[in-house]
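Peer 1: Next comes the structure file final_1.txt, holding compact mmCIF, C-alpha atoms.
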```txt
# COMPACT_ATOMS: atom_id res chain seq x y z
CA MET P 24 69.51 117.92 112.59
CA ASN P 25 69.52 118.72 116.26
CA LYS P 26 73.02 118.78 117.71
CA LYS P 27 71.88 117.44 121.07
CA ASN P 28 70.51 114.23 119.51
CA ILE P 29 73.69 113.34 117.64
CA SER P 30 76.19 110.89 119.01
CA LEU P 31 79.27 111.23 116.82
CA THR P 32 80.35 107.60 117.16
CA SER P 33 76.98 106.38 115.80
CA LEU P 34 77.93 107.93 112.44
CA VAL P 35 81.02 105.78 111.99
CA LYS P 36 81.75 102.10 111.44
CA THR P 37 85.30 102.06 112.76
CA SER P 38 86.82 104.69 114.97
CA GLY P 39 90.18 106.14 115.91
CA CYS P 40 93.30 104.32 114.78
CA ALA P 41 91.18 101.17 114.24
CA ALA P 42 89.89 102.83 111.04
CA LYS P 43 93.30 102.53 109.37
CA LEU P 44 93.62 100.38 106.26
CA GLY P 45 95.52 97.19 107.16
CA PRO P 46 99.32 97.39 106.72
CA GLY P 47 99.36 94.27 104.51
CA ILE P 48 96.89 95.66 101.96
CA LEU P 49 98.57 99.05 101.95
CA HIS P 50 102.01 97.53 101.46
CA SER P 51 100.80 95.53 98.42
CA VAL P 52 100.02 98.83 96.68
CA LEU P 53 102.88 101.00 97.94
CA SER P 54 105.49 98.40 97.02
CA THR P 55 104.47 98.66 93.34
CA LEU P 56 104.95 102.44 93.20
CA PRO P 57 108.17 104.21 92.18
CA LYS P 58 110.58 105.18 94.96
CA PHE P 59 111.79 108.76 95.28
CA HIS P 60 115.32 109.52 96.41
CA ASP P 61 116.67 112.68 97.98
CA GLN P 62 119.66 112.56 100.30
CA ARG P 63 118.14 115.36 102.36
CA LEU P 64 115.28 113.01 103.28
CA LEU P 65 116.81 111.56 106.46
CA VAL P 66 113.80 109.50 107.56
CA GLY P 67 111.25 108.51 104.96
CA PHE P 68 108.86 105.82 103.86
CA ASP P 69 110.98 102.71 104.13
CA THR P 70 111.47 102.60 107.91
CA SER P 71 108.29 102.32 109.92
CA ASP P 72 109.02 105.53 111.79
CA ASP P 73 106.50 108.10 112.99
CA ALA P 74 107.12 111.02 110.64
CA CYS P 75 109.43 112.06 107.82
CA VAL P 76 112.54 114.10 108.52
CA TYR P 77 114.00 116.44 105.90
CA GLN P 78 117.30 118.27 106.27
CA VAL P 79 116.80 122.00 105.67
CA ASN P 80 120.37 123.06 106.55
CA ASP P 81 123.15 122.02 108.92
CA ALA P 82 121.29 123.25 111.97
CA THR P 83 117.68 122.46 111.09
CA VAL P 84 115.56 119.52 110.04
CA ALA P 85 111.85 119.70 109.19
CA ILE P 86 109.58 116.96 110.53
CA GLN P 87 106.28 116.33 108.76
CA THR P 88 103.36 114.09 109.59
CA VAL P 89 99.67 113.72 108.79
CA ASP P 90 97.02 111.87 110.76
CA PHE P 91 93.23 111.91 110.79
CA PHE P 92 90.44 109.53 111.78
CA PRO P 93 86.72 109.14 112.52
CA PRO P 94 85.49 109.94 116.05
CA MET P 95 85.88 107.51 118.95
CA VAL P 96 84.09 109.76 121.46
CA ASP P 97 80.71 111.48 121.19
CA ASP P 98 81.75 114.91 122.44
CA PRO P 99 82.89 116.98 119.41
CA TYR P 100 85.30 119.18 121.41
CA ARG P 101 86.96 116.12 122.97
CA PHE P 102 87.18 114.43 119.58
CA GLY P 103 88.94 117.51 118.18
CA GLN P 104 91.39 117.48 121.08
CA ILE P 105 92.15 113.77 120.71
CA ALA P 106 92.63 113.93 116.92
CA ALA P 107 94.98 116.90 117.29
CA ALA P 108 96.96 115.37 120.18
CA ASN P 109 97.32 112.20 118.12
CA ALA P 110 98.58 114.06 115.03
CA LEU P 111 100.99 116.27 116.99
CA SER P 112 102.38 113.21 118.77
CA ASP P 113 104.35 111.99 115.75
CA VAL P 114 106.45 115.18 115.80
CA TYR P 115 107.21 114.73 119.51
CA ALA P 116 108.06 111.06 118.94
CA MET P 117 110.73 112.18 116.46
CA GLY P 118 112.19 114.65 118.98
CA GLY P 119 110.83 117.79 117.30
CA THR P 120 108.71 120.79 118.23
CA PRO P 121 105.51 121.38 116.22
CA ALA P 122 105.41 124.72 114.37
CA THR P 123 102.49 124.75 111.92
CA ALA P 124 99.35 122.63 111.66
CA MET P 125 96.72 122.38 108.90
CA ASN P 126 93.22 121.07 109.54
CA LEU P 127 91.99 118.03 107.63
CA VAL P 128 88.22 117.79 107.89
CA CYS P 129 85.51 115.54 106.50
CA PHE P 130 82.06 116.58 107.64
CA PRO P 131 78.50 115.56 106.71
CA SER P 132 76.69 118.44 105.00
CA CYS P 133 73.43 117.50 106.80
CA LEU P 134 74.94 117.82 110.29
CA ASP P 135 74.66 120.93 112.48
CA ILE P 136 77.66 123.11 111.62
CA GLU P 137 77.99 123.93 115.33
CA ILE P 138 79.41 120.41 115.79
CA LEU P 139 82.18 121.18 113.30
CA LYS P 140 82.93 124.37 115.18
CA GLU P 141 83.34 122.42 118.43
CA ILE P 142 85.59 119.80 116.79
CA LEU P 143 87.83 122.57 115.46
CA GLU P 144 87.82 124.42 118.78
CA GLY P 145 89.02 121.21 120.43
CA GLY P 146 91.78 120.83 117.83
CA TYR P 147 92.80 124.48 118.17
CA SER P 148 93.06 124.15 121.95
CA LYS P 149 95.68 121.40 121.55
CA VAL P 150 97.58 123.15 118.76
CA GLY P 151 97.71 126.22 121.00
CA GLU P 152 98.89 124.14 123.96
CA ALA P 153 101.60 122.70 121.68
CA GLY P 154 102.80 126.22 120.93
CA ALA P 155 102.13 125.74 117.21
CA VAL P 156 99.87 127.73 114.87
CA ILE P 157 96.94 126.67 112.71
CA ALA P 158 98.03 127.69 109.22
CA GLY P 159 95.13 126.53 107.05
CA GLY P 160 93.20 123.43 106.15
CA HIS P 161 90.92 121.59 103.79
CA THR P 162 87.31 120.48 104.28
CA ILE P 163 85.34 117.85 102.36
CA ALA P 164 81.63 117.05 102.62
CA ASP P 165 81.49 113.38 103.60
CA PRO P 166 78.85 111.22 105.37
CA THR P 167 81.43 110.01 107.92
CA PRO P 168 83.02 112.80 109.97
CA LYS P 169 86.80 112.72 110.24
CA TYR P 170 89.32 115.13 111.67
CA GLY P 171 93.05 115.43 112.01
CA LEU P 172 96.06 117.55 111.22
CA CYS P 173 99.00 117.80 108.91
CA VAL P 174 101.80 119.01 111.19
CA THR P 175 105.22 120.43 110.45
CA GLY P 176 107.81 120.70 113.20
CA PHE P 177 111.47 121.48 113.46
CA ALA P 178 114.48 120.18 115.35
CA HIS P 179 118.25 120.33 115.38
CA PRO P 180 119.56 117.26 113.48
CA GLU P 181 121.13 115.94 116.69
CA GLU P 182 117.76 116.03 118.48
CA ILE P 183 116.14 113.56 116.09
CA LEU P 184 114.93 110.41 117.83
CA THR P 185 114.41 107.28 115.79
CA ASN P 186 112.69 104.08 116.86
CA ALA P 187 115.69 101.94 115.88
CA ASN P 188 118.62 102.81 118.13
CA ALA P 189 117.93 101.13 121.49
CA LYS P 190 121.10 100.06 123.34
CA THR P 191 121.77 97.03 125.52
CA GLY P 192 121.21 97.95 129.16
CA ASP P 193 118.62 100.67 128.40
CA LEU P 194 115.40 100.78 130.35
CA LEU P 195 112.09 101.25 128.54
CA ILE P 196 109.58 103.81 129.71
CA LEU P 197 105.92 104.11 128.72
CA THR P 198 104.26 107.47 129.50
CA LYS P 199 100.52 106.67 129.11
CA PRO P 200 98.44 103.73 130.35
CA LEU P 201 97.26 100.95 127.99
CA GLY P 202 93.73 99.72 127.40
CA ILE P 203 92.49 102.65 125.31
CA GLY P 204 91.28 100.47 122.41
CA ILE P 205 89.45 98.10 124.74
CA LEU P 206 87.79 100.95 126.64
CA ASN P 207 86.77 102.67 123.39
CA THR P 208 85.16 99.37 122.37
CA ALA P 209 83.39 99.21 125.75
CA ALA P 210 82.15 102.77 125.18
CA LYS P 211 80.82 101.77 121.77
CA ALA P 212 79.01 98.88 123.48
CA GLY P 213 77.47 101.32 125.96
CA LEU P 214 79.20 99.55 128.87
CA LEU P 215 81.50 102.34 130.02
CA SER P 216 80.61 104.61 132.94
CA GLU P 217 80.75 108.34 132.33
CA ASN P 218 83.71 108.74 134.69
CA GLN P 219 85.65 105.99 132.98
CA ALA P 220 84.88 107.40 129.53
CA GLU P 221 86.09 110.82 130.62
CA LEU P 222 89.30 109.38 132.08
CA THR P 223 90.01 107.51 128.83
CA ALA P 224 89.29 110.64 126.76
CA SER P 225 91.56 112.76 128.92
CA VAL P 226 94.41 110.26 128.50
CA MET P 227 93.96 110.32 124.70
CA ALA P 228 93.78 114.12 124.68
CA THR P 229 97.01 114.53 126.68
CA LEU P 230 99.85 115.91 124.55
CA ASN P 231 103.10 113.97 124.42
CA LYS P 232 104.73 117.40 124.58
CA TYR P 233 105.40 117.06 128.32
CA ALA P 234 107.07 113.68 127.91
CA LYS P 235 109.21 115.03 125.08
CA GLU P 236 110.19 118.11 127.11
CA ALA P 237 111.09 115.94 130.10
CA CYS P 238 113.79 114.37 127.89
CA ARG P 239 115.75 117.63 127.73
CA GLY P 240 119.45 117.03 128.45
CA LEU P 241 118.90 113.30 128.97
CA ARG P 242 120.25 110.51 126.80
CA VAL P 243 117.34 109.04 124.82
CA HIS P 244 118.50 106.29 122.48
CA SER P 245 115.15 105.47 120.90
CA CYS P 246 111.63 106.82 120.95
CA THR P 247 108.28 106.12 119.31
CA ASP P 248 104.64 106.70 120.17
CA VAL P 249 102.38 103.76 120.92
CA THR P 250 99.38 103.75 118.58
CA GLY P 251 97.39 101.19 116.58
CA PHE P 252 100.19 98.63 116.48
CA SER P 253 99.99 98.24 120.30
CA LEU P 254 102.76 98.28 122.90
CA THR P 255 103.86 94.85 121.68
CA GLY P 256 103.99 95.96 118.03
CA HIS P 257 105.88 99.19 118.66
CA SER P 258 108.28 97.42 121.05
CA TYR P 259 108.85 94.80 118.36
CA GLU P 260 109.65 97.51 115.78
CA MET P 261 112.10 99.11 118.21
CA ALA P 262 113.77 95.79 119.06
CA ASP P 263 113.93 94.66 115.45
CA GLY P 264 115.17 98.01 114.11
CA SER P 265 117.81 98.19 116.86
CA ARG P 266 118.81 94.50 116.45
CA LYS P 267 118.20 93.88 120.14
CA THR P 268 115.75 91.99 122.30
CA ILE P 269 113.30 93.88 124.49
CA GLU P 270 112.12 92.28 127.71
CA LEU P 271 108.80 93.71 128.88
CA PHE P 272 108.04 93.74 132.62
CA THR P 273 104.38 92.85 132.03
CA GLY P 274 103.49 93.33 135.69
CA GLN P 275 104.74 96.95 135.63
CA VAL P 276 102.84 98.15 132.56
CA PRO P 277 100.38 100.95 133.44
CA ILE P 278 96.81 99.93 132.54
CA LEU P 279 93.61 101.97 132.67
CA PRO P 280 91.05 100.81 135.27
CA GLU P 281 88.57 98.18 134.00
CA ALA P 282 90.51 97.41 130.79
CA LEU P 283 91.50 93.95 132.04
CA GLU P 284 87.91 93.21 133.12
CA PHE P 285 86.49 94.21 129.73
CA ALA P 286 89.17 92.14 127.96
CA SER P 287 88.16 89.01 129.86
CA MET P 288 84.55 89.67 128.79
CA GLY P 289 85.57 89.74 125.11
CA ILE P 290 85.07 93.51 124.73
CA ILE P 291 88.13 93.72 122.50
CA PRO P 292 88.61 95.61 119.22
CA GLU P 293 89.21 93.64 116.06
CA GLY P 294 92.59 95.40 115.73
CA MET P 295 93.89 93.43 118.73
CA TYR P 296 93.38 90.18 116.80
CA ASN P 297 95.08 91.65 113.71
CA ASN P 298 98.03 92.67 115.90
CA LEU P 299 98.13 89.18 117.44
CA ASP P 300 98.11 87.53 113.99
CA TYR P 301 101.04 89.67 112.90
CA LEU P 302 103.02 89.49 116.14
CA GLU P 303 102.44 86.07 117.69
CA ASP P 304 105.70 84.63 116.39
CA LYS P 305 107.66 87.73 117.48
CA PHE P 306 107.37 87.26 121.24
CA THR P 307 107.76 84.57 123.86
CA CYS P 308 106.50 84.47 127.44
CA LYS P 309 109.03 83.51 130.11
CA ASN P 310 106.16 82.47 132.36
CA PRO P 311 102.53 82.13 131.23
CA ILE P 312 100.71 85.45 131.53
CA PRO P 313 96.92 85.85 131.87
CA GLN P 314 95.13 86.08 128.55
CA ASN P 315 93.49 89.40 129.40
CA LEU P 316 96.92 90.90 130.15
CA GLN P 317 98.21 89.70 126.79
CA ASP P 318 95.12 91.26 125.17
CA VAL P 319 95.99 94.62 126.75
CA LEU P 320 99.60 94.36 125.57
CA LEU P 321 98.32 93.87 122.00
CA ASP P 322 95.47 96.41 122.27
CA PRO P 323 95.58 99.12 119.53
CA GLN P 324 95.97 102.52 121.18
CA THR P 325 94.59 105.82 119.93
CA SER P 326 96.86 108.73 120.84
CA GLY P 327 98.97 106.56 123.12
CA GLY P 328 102.06 107.56 125.07
CA LEU P 329 105.73 107.72 124.19
CA LEU P 330 107.86 104.59 124.46
CA LEU P 331 111.42 105.65 125.32
CA SER P 332 114.63 103.67 125.55
CA MET P 333 117.23 105.31 127.80
CA PRO P 334 120.08 104.47 130.19
CA GLU P 335 119.04 103.73 133.77
CA THR P 336 120.17 107.00 135.39
CA ASP P 337 118.44 109.03 132.67
CA ALA P 338 115.32 106.91 132.95
CA LYS P 339 115.09 107.58 136.68
CA GLU P 340 115.58 111.31 136.22
CA PHE P 341 112.93 111.27 133.44
CA LEU P 342 110.39 109.59 135.75
CA LYS P 343 111.08 112.17 138.45
CA ARG P 344 110.43 114.98 135.96
CA MET P 345 107.18 113.31 134.79
CA GLU P 346 105.72 113.02 138.30
CA ILE P 347 104.09 116.44 138.11
CA HIS P 348 102.43 115.61 134.77
CA THR P 349 101.14 112.06 135.10
CA PRO P 350 100.81 109.19 137.56
CA TYR P 351 101.19 106.69 134.71
CA ALA P 352 104.77 107.01 133.38
CA SER P 353 106.59 103.78 134.34
CA ILE P 354 109.62 101.66 133.62
CA ILE P 355 108.17 98.72 131.72
CA GLY P 356 111.11 96.86 130.27
CA GLN P 357 114.77 96.58 129.40
CA VAL P 358 116.94 96.14 126.33
CA THR P 359 119.25 93.15 126.03
CA GLU P 360 121.54 91.65 123.40
CA PRO P 361 119.50 89.84 120.73
CA LYS P 362 117.99 86.54 121.87
CA GLU P 363 115.90 83.93 120.09
CA LYS P 364 112.90 86.29 119.83
CA PRO P 365 112.90 90.10 119.59
CA LEU P 366 110.41 90.32 122.48
CA VAL P 367 110.18 88.52 125.80
CA PHE P 368 107.24 88.99 128.18
CA LEU P 369 108.54 88.68 131.74
CA MET V 24 68.45 76.00 123.57
CA ASP V 25 68.84 79.45 122.13
CA PHE V 26 70.08 80.26 118.65
CA ILE V 27 71.87 83.51 117.75
CA ASP V 28 73.03 84.54 114.29
CA ALA V 29 75.66 87.27 114.70
CA ARG V 30 77.13 86.92 111.22
CA GLY V 31 77.82 90.12 109.32
CA LEU V 32 78.19 92.16 112.51
CA SER V 33 81.37 93.90 113.65
CA CYS V 34 82.69 93.99 117.23
CA PRO V 35 81.38 94.66 119.80
CA GLN V 36 77.89 93.79 118.41
CA PRO V 37 78.22 89.95 118.51
CA VAL V 38 79.30 90.07 122.17
CA LEU V 39 76.40 92.38 123.01
CA MET V 40 73.95 89.94 121.36
CA ALA V 41 75.50 87.08 123.32
CA LYS V 42 75.37 89.12 126.53
CA LYS V 43 71.67 89.80 126.10
CA ALA V 44 70.90 86.15 125.30
CA LEU V 45 73.05 84.68 128.07
CA ALA V 46 71.24 86.81 130.62
CA LYS V 47 68.36 84.30 130.19
CA LYS V 48 70.70 81.63 131.62
CA GLU V 49 69.73 78.85 129.18
CA PRO V 50 71.74 75.61 129.62
CA SER V 51 73.01 75.77 126.04
CA TYR V 52 73.32 78.12 123.10
CA THR V 53 74.32 77.98 119.46
CA ILE V 54 75.92 81.15 118.09
CA LEU V 55 77.01 81.81 114.51
CA VAL V 56 79.79 84.35 113.86
CA ASP V 57 81.83 85.06 110.75
CA THR V 58 85.00 86.81 111.92
CA LYS V 59 87.87 85.51 114.01
CA ALA V 60 87.53 88.51 116.32
CA ALA V 61 83.82 87.81 116.91
CA LYS V 62 84.56 84.10 117.50
CA GLU V 63 87.24 84.93 120.09
CA ASN V 64 85.29 87.72 121.76
CA VAL V 65 82.05 85.71 122.07
CA SER V 66 84.05 82.71 123.35
CA ARG V 67 85.71 84.89 125.97
CA PHE V 68 82.39 86.30 127.08
CA ALA V 69 80.85 82.82 127.27
CA ALA V 70 83.79 81.45 129.28
CA HIS V 71 83.55 84.46 131.58
CA SER V 72 79.85 83.62 132.10
CA GLY V 73 80.58 79.98 133.00
CA TYR V 74 79.98 78.18 129.69
CA GLU V 75 82.10 75.63 127.90
CA ILE V 76 82.62 76.40 124.23
CA THR V 77 83.30 74.29 121.20
CA ALA V 78 83.84 76.01 117.86
CA GLN V 79 83.38 74.50 114.44
CA ALA V 80 84.31 76.20 111.17
CA THR V 81 82.08 75.77 108.12
CA ASP V 82 83.59 76.20 104.62
CA ASN V 83 85.93 78.95 105.88
CA GLU V 84 82.86 81.17 105.92
CA TYR V 85 81.54 81.12 109.43
CA PHE V 86 81.95 79.51 112.84
CA THR V 87 79.34 77.67 114.88
CA LEU V 88 79.92 78.15 118.60
CA SER V 89 78.22 75.62 120.88
CA LEU V 90 77.91 76.79 124.48
CA THR V 91 77.10 74.46 127.37
CA LYS V 92 76.66 75.59 130.97
CA LYS V 93 79.37 74.07 133.17
```
What would you get if you wrote out this structure as structure tokens?
Peer 2:
Amino acid sequence: MNKKNISLTSLVKTSGCAAKLGPGILHSVLSTLPKFHDQRLLVGFDTSDDACVYQVNDATVAIQTVDFFPPMVDDPYRFGQIAAANALSDVYAMGGTPATAMNLVCFPSCLDIEILKEILEGGYSKVGEAGAVIAGGHTIADPTPKYGLCVTGFAHPEEILTNANAKTGDLLILTKPLGIGILNTAAKAGLLSENQAELTASVMATLNKYAKEACRGLRVHSCTDVTGFSLTGHSYEMADGSRKTIELFTGQVPILPEALEFASMGIIPEGMYNNLDYLEDKFTCKNPIPQNLQDVLLDPQTSGGLLLSMPETDAKEFLKRMEIHTPYASIIGQVTEPKEKPLVFL
Amino acid sequence: MDFIDARGLSCPQPVLMAKKALAKKEPSYTILVDTKAAKENVSRFAAHSGYEITAQATDNEYFTLSLTKK
């Protein structure tokens, strides 16, 4: 097959994080399986955190995560970069530094092997940028291409960031713009301009390394990365786990250009509706907000940004440090004592 | 009146079918969809294009969307 004639996304039915099996179905199976116990496993299965954390000794914890998905962009190199950035992100979201990464590859045997090479080169570029090493991998012949990484990172036990320790008075910061799921759907529909597609891809391919490093020396009470469960879903998990209420400043949330327009045209991924079904009784709107804005707040993100909960002075210093990396990092909410609902849209 | 059967298709295909059909600017359309996401997305597109929408569910299997130009 000629490489030039292949558009990667035409080979897949669902792409990016939208390809995940639904949490309800998965839970029905996992809940029937035996539970393992090890007191060195500090963060495991039962909390909906980003990666597992295992105590190696008093000064070191290992952080492990695995993530892979079918392509959401046609360019193989970009796809490799996005899949790798997405997999590495879970280590950053836990406060760790990635050390080793293993490739997970599914690739059609009939496809030009040059495409696989470009996917891997994209992945390697991000692993290199992360300062980690590729340590191996596993490749399966499969009609639907998929790529991702299994990543191991390390941290000092005190550096570990959970998604369940937000404190009253904290401000919430989001480091990447929303609308990625909607714009990927627009791309699939052939409605996205080349410039817009490239901007979306570059946001997805950006490592959360810089956001994590900008936390150095600052008080971060809670952290997670925003992915398929949307800003609303991940904010809900943080509020619920911390037994607080999170008020989102919906007018301050960074949003990619054209995402609101596509949302009002119904160019919305199915995952947004799944998120809405699950979350609609978890939030309340202080004042009515436009439907397309609510769509964006529930839009499943692929390789989204970090969501951080930190005291005001630290939050301001963090934003100052992020200025050289991104125009998008913004204060988007605040943490209050628990109210009637875990989430309030202001 | 135009008739579109978008059942069995995943997003964004139903919206794209509606988009193509609505470009003909007929006064009314009937569109069949079989997922909640397709129902919502096609309804949003139709509203955005100046149509009023009524939706009727049949046997929990599919929805019939009736579009009328405002």
Peer 1: For range 114-127 of chain P, work out the shell of residues within 8 Å, counting all atoms listed in the file and skipping chain neighbours fewer than 6 positions away, then give it as a PyMOL selection string.
Peer 2: chain P and resi 73-74+86-88+91+150+153-162+169-178+182-185+231-232+235+246-248+329
Peer 1: May I have the residues within 9 Å of Tyr296 in chain P as number ranges by chain, using all atoms listed in the file and disregarding those fewer than 5 positions away in the same chain?
Peer 2: P: 291, 301, 318, 321-322; V: 59-60, 63
Peer 1: Residues at most 10 Å from Ala69 in chain V, counting only C-alpha atoms, excluding those fewer than 5 positions away in the same chain, as an MDAnalysis selection string?
Peer 2: (chainID P and resid 287:289) or (chainID V and resid 38 41:42 45 52 63:64 74:76 88:92)
Peer 1: For the selection you just gave me, I'd like the residues written to a file as a PDB file, keeping the file's coordinate frame, keeping C-alpha atoms.
Peer 2:
```
ATOM      1  CA  SER P 287      88.160  89.010 129.860  1.00  0.00           C
ATOM      2  CA  MET P 288      84.550  89.670 128.790  1.00  0.00           C
ATOM      3  CA  GLY P 289      85.570  89.740 125.110  1.00  0.00           C
TER       4      GLY P 289
ATOM      5  CA  VAL V  38      79.300  90.070 122.170  1.00  0.00           C
ATOM      6  CA  ALA V  41      75.500  87.080 123.320  1.00  0.00           C
ATOM      7  CA  LYS V  42      75.370  89.120 126.530  1.00  0.00           C
ATOM      8  CA  LEU V  45      73.050  84.680 128.070  1.00  0.00           C
ATOM      9  CA  TYR V  52      73.320  78.120 123.100  1.00  0.00           C
ATOM     10  CA  GLU V  63      87.240  84.930 120.090  1.00  0.00           C
ATOM     11  CA  ASN V  64      85.290  87.720 121.760  1.00  0.00           C
ATOM     12  CA  TYR V  74      79.980  78.180 129.690  1.00  0.00           C
ATOM     13  CA  GLU V  75      82.100  75.630 127.900  1.00  0.00           C
ATOM     14  CA  ILE V  76      82.620  76.400 124.230  1.00  0.00           C
ATOM     15  CA  LEU V  88      79.920  78.150 118.600  1.00  0.00           C
ATOM     16  CA  SER V  89      78.220  75.620 120.880  1.00  0.00           C
ATOM     17  CA  LEU V  90      77.910  76.790 124.480  1.00  0.00           C
ATOM     18  CA  THR V  91      77.100  74.460 127.370  1.00  0.00           C
ATOM     19  CA  LYS V  92      76.660  75.590 130.970  1.00  0.00           C
TER      20      LYS V  92
END
```
Peer 1: Give me, as a list in words, the contact residues of chain P against chain V at a cut-off of 9 Å, counting all atoms listed in the file.
Peer 2: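 Listed by rising number, the hits are Lys36, Thr208, Ala209, Lys211, Ala212, Ala286, Ser287, Met288, Gly289, Ile290, Ile291, Pro292, Glu293, Gly294, Met295, Tyr296 and Asn297 of chain P.
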Peer 1: Give me, please, the distance in Å between CA of Arg63 in chain P and CA of Pro180 in chain P, quoted to one decimal.
Peer 2: 11.4 Å
Peer 1: Compute the distance from (114.3, 92.1, 123.9) to each atom, counting all atoms listed in the file, keep the residues with any atom at most 7 Å away, and return them as a ChimeraX atom specification; use the coordinates of the file.
Peer 2: /P:262,267-270,358-359,361-362,365-367
Peer 1: Tell me, in Å to one decimal, how far CA of Gln324 in chain P is from CA of Thr250 in chain P.
Peer 2: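 Those two atoms sit 4.5 Å apart.
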Peer 1: Taking 2 positions as the minimum chain separation for residues in the same chain, which residues sit within 7 Å of Phe86 in chain V when counting all atoms listed in the file? Answer as a compact mmCIF listing (two decimals) with C-alpha atoms, in the frame of the given file.
Peer 2:
```
# COMPACT_ATOMS: atom_id res chain seq x y z
CA LEU V 55 77.01 81.81 114.51
CA VAL V 56 79.79 84.35 113.86
CA ASP V 57 81.83 85.06 110.75
CA ALA V 78 83.84 76.01 117.86
CA GLN V 79 83.38 74.50 114.44
CA ALA V 80 84.31 76.20 111.17
CA THR V 81 82.08 75.77 108.12
CA LEU V 88 79.92 78.15 118.60
```
Peer 1: Write out N, CA and C atoms for range 271-283 of chain P, as a PDB file, keeping the file's coordinate frame.
Peer 2:
```pdb
ATOM      1  N   LEU P 271     109.830  92.868 128.276  1.00  0.00           N
ATOM      2  CA  LEU P 271     108.800  93.710 128.880  1.00  0.00           C
ATOM      3  C   LEU P 271     108.448  93.180 130.268  1.00  0.00           C
ATOM      4  N   PHE P 272     108.455  94.108 131.248  1.00  0.00           N
ATOM      5  CA  PHE P 272     108.040  93.740 132.620  1.00  0.00           C
ATOM      6  C   PHE P 272     106.511  93.836 132.641  1.00  0.00           C
ATOM      7  N   THR P 273     105.830  92.751 132.265  1.00  0.00           N
ATOM      8  CA  THR P 273     104.380  92.850 132.030  1.00  0.00           C
ATOM      9  C   THR P 273     103.609  93.254 133.288  1.00  0.00           C
ATOM     10  N   GLY P 274     104.166  92.945 134.454  1.00  0.00           N
ATOM     11  CA  GLY P 274     103.490  93.330 135.690  1.00  0.00           C
ATOM     12  C   GLY P 274     103.606  94.817 136.014  1.00  0.00           C
ATOM     13  N   GLN P 275     104.502  95.529 135.332  1.00  0.00           N
ATOM     14  CA  GLN P 275     104.740  96.950 135.630  1.00  0.00           C
ATOM     15  C   GLN P 275     104.054  97.892 134.636  1.00  0.00           C
ATOM     16  N   VAL P 276     103.426  97.318 133.614  1.00  0.00           N
ATOM     17  CA  VAL P 276     102.840  98.150 132.560  1.00  0.00           C
ATOM     18  C   VAL P 276     101.603  98.885 133.112  1.00  0.00           C
ATOM     19  N   PRO P 277     101.556 100.226 132.947  1.00  0.00           N
ATOM     20  CA  PRO P 277     100.380 100.950 133.440  1.00  0.00           C
ATOM     21  C   PRO P 277      99.147 100.626 132.587  1.00  0.00           C
ATOM     22  N   ILE P 278      98.037 100.337 133.244  1.00  0.00           N
ATOM     23  CA  ILE P 278      96.810  99.930 132.540  1.00  0.00           C
ATOM     24  C   ILE P 278      95.639 100.711 133.105  1.00  0.00           C
ATOM     25  N   LEU P 279      94.781 101.221 132.226  1.00  0.00           N
ATOM     26  CA  LEU P 279      93.610 101.970 132.670  1.00  0.00           C
ATOM     27  C   LEU P 279      92.665 101.058 133.460  1.00  0.00           C
ATOM     28  N   PRO P 280      91.988 101.614 134.489  1.00  0.00           N
ATOM     29  CA  PRO P 280      91.050 100.810 135.270  1.00  0.00           C
ATOM     30  C   PRO P 280      89.998 100.148 134.358  1.00  0.00           C
ATOM     31  N   GLU P 281      89.629  98.949 134.666  1.00  0.00           N
ATOM     32  CA  GLU P 281      88.570  98.180 134.000  1.00  0.00           C
ATOM     33  C   GLU P 281      88.972  97.581 132.647  1.00  0.00           C
ATOM     34  N   ALA P 282      90.136  97.957 132.105  1.00  0.00           N
ATOM     35  CA  ALA P 282      90.510  97.410 130.790  1.00  0.00           C
ATOM     36  C   ALA P 282      90.683  95.898 130.858  1.00  0.00           C
ATOM     37  N   LEU P 283      91.304  95.395 131.918  1.00  0.00           N
ATOM     38  CA  LEU P 283      91.500  93.950 132.040  1.00  0.00           C
ATOM     39  C   LEU P 283      90.157  93.227 132.176  1.00  0.00           C
TER      40      LEU P 283
END
```
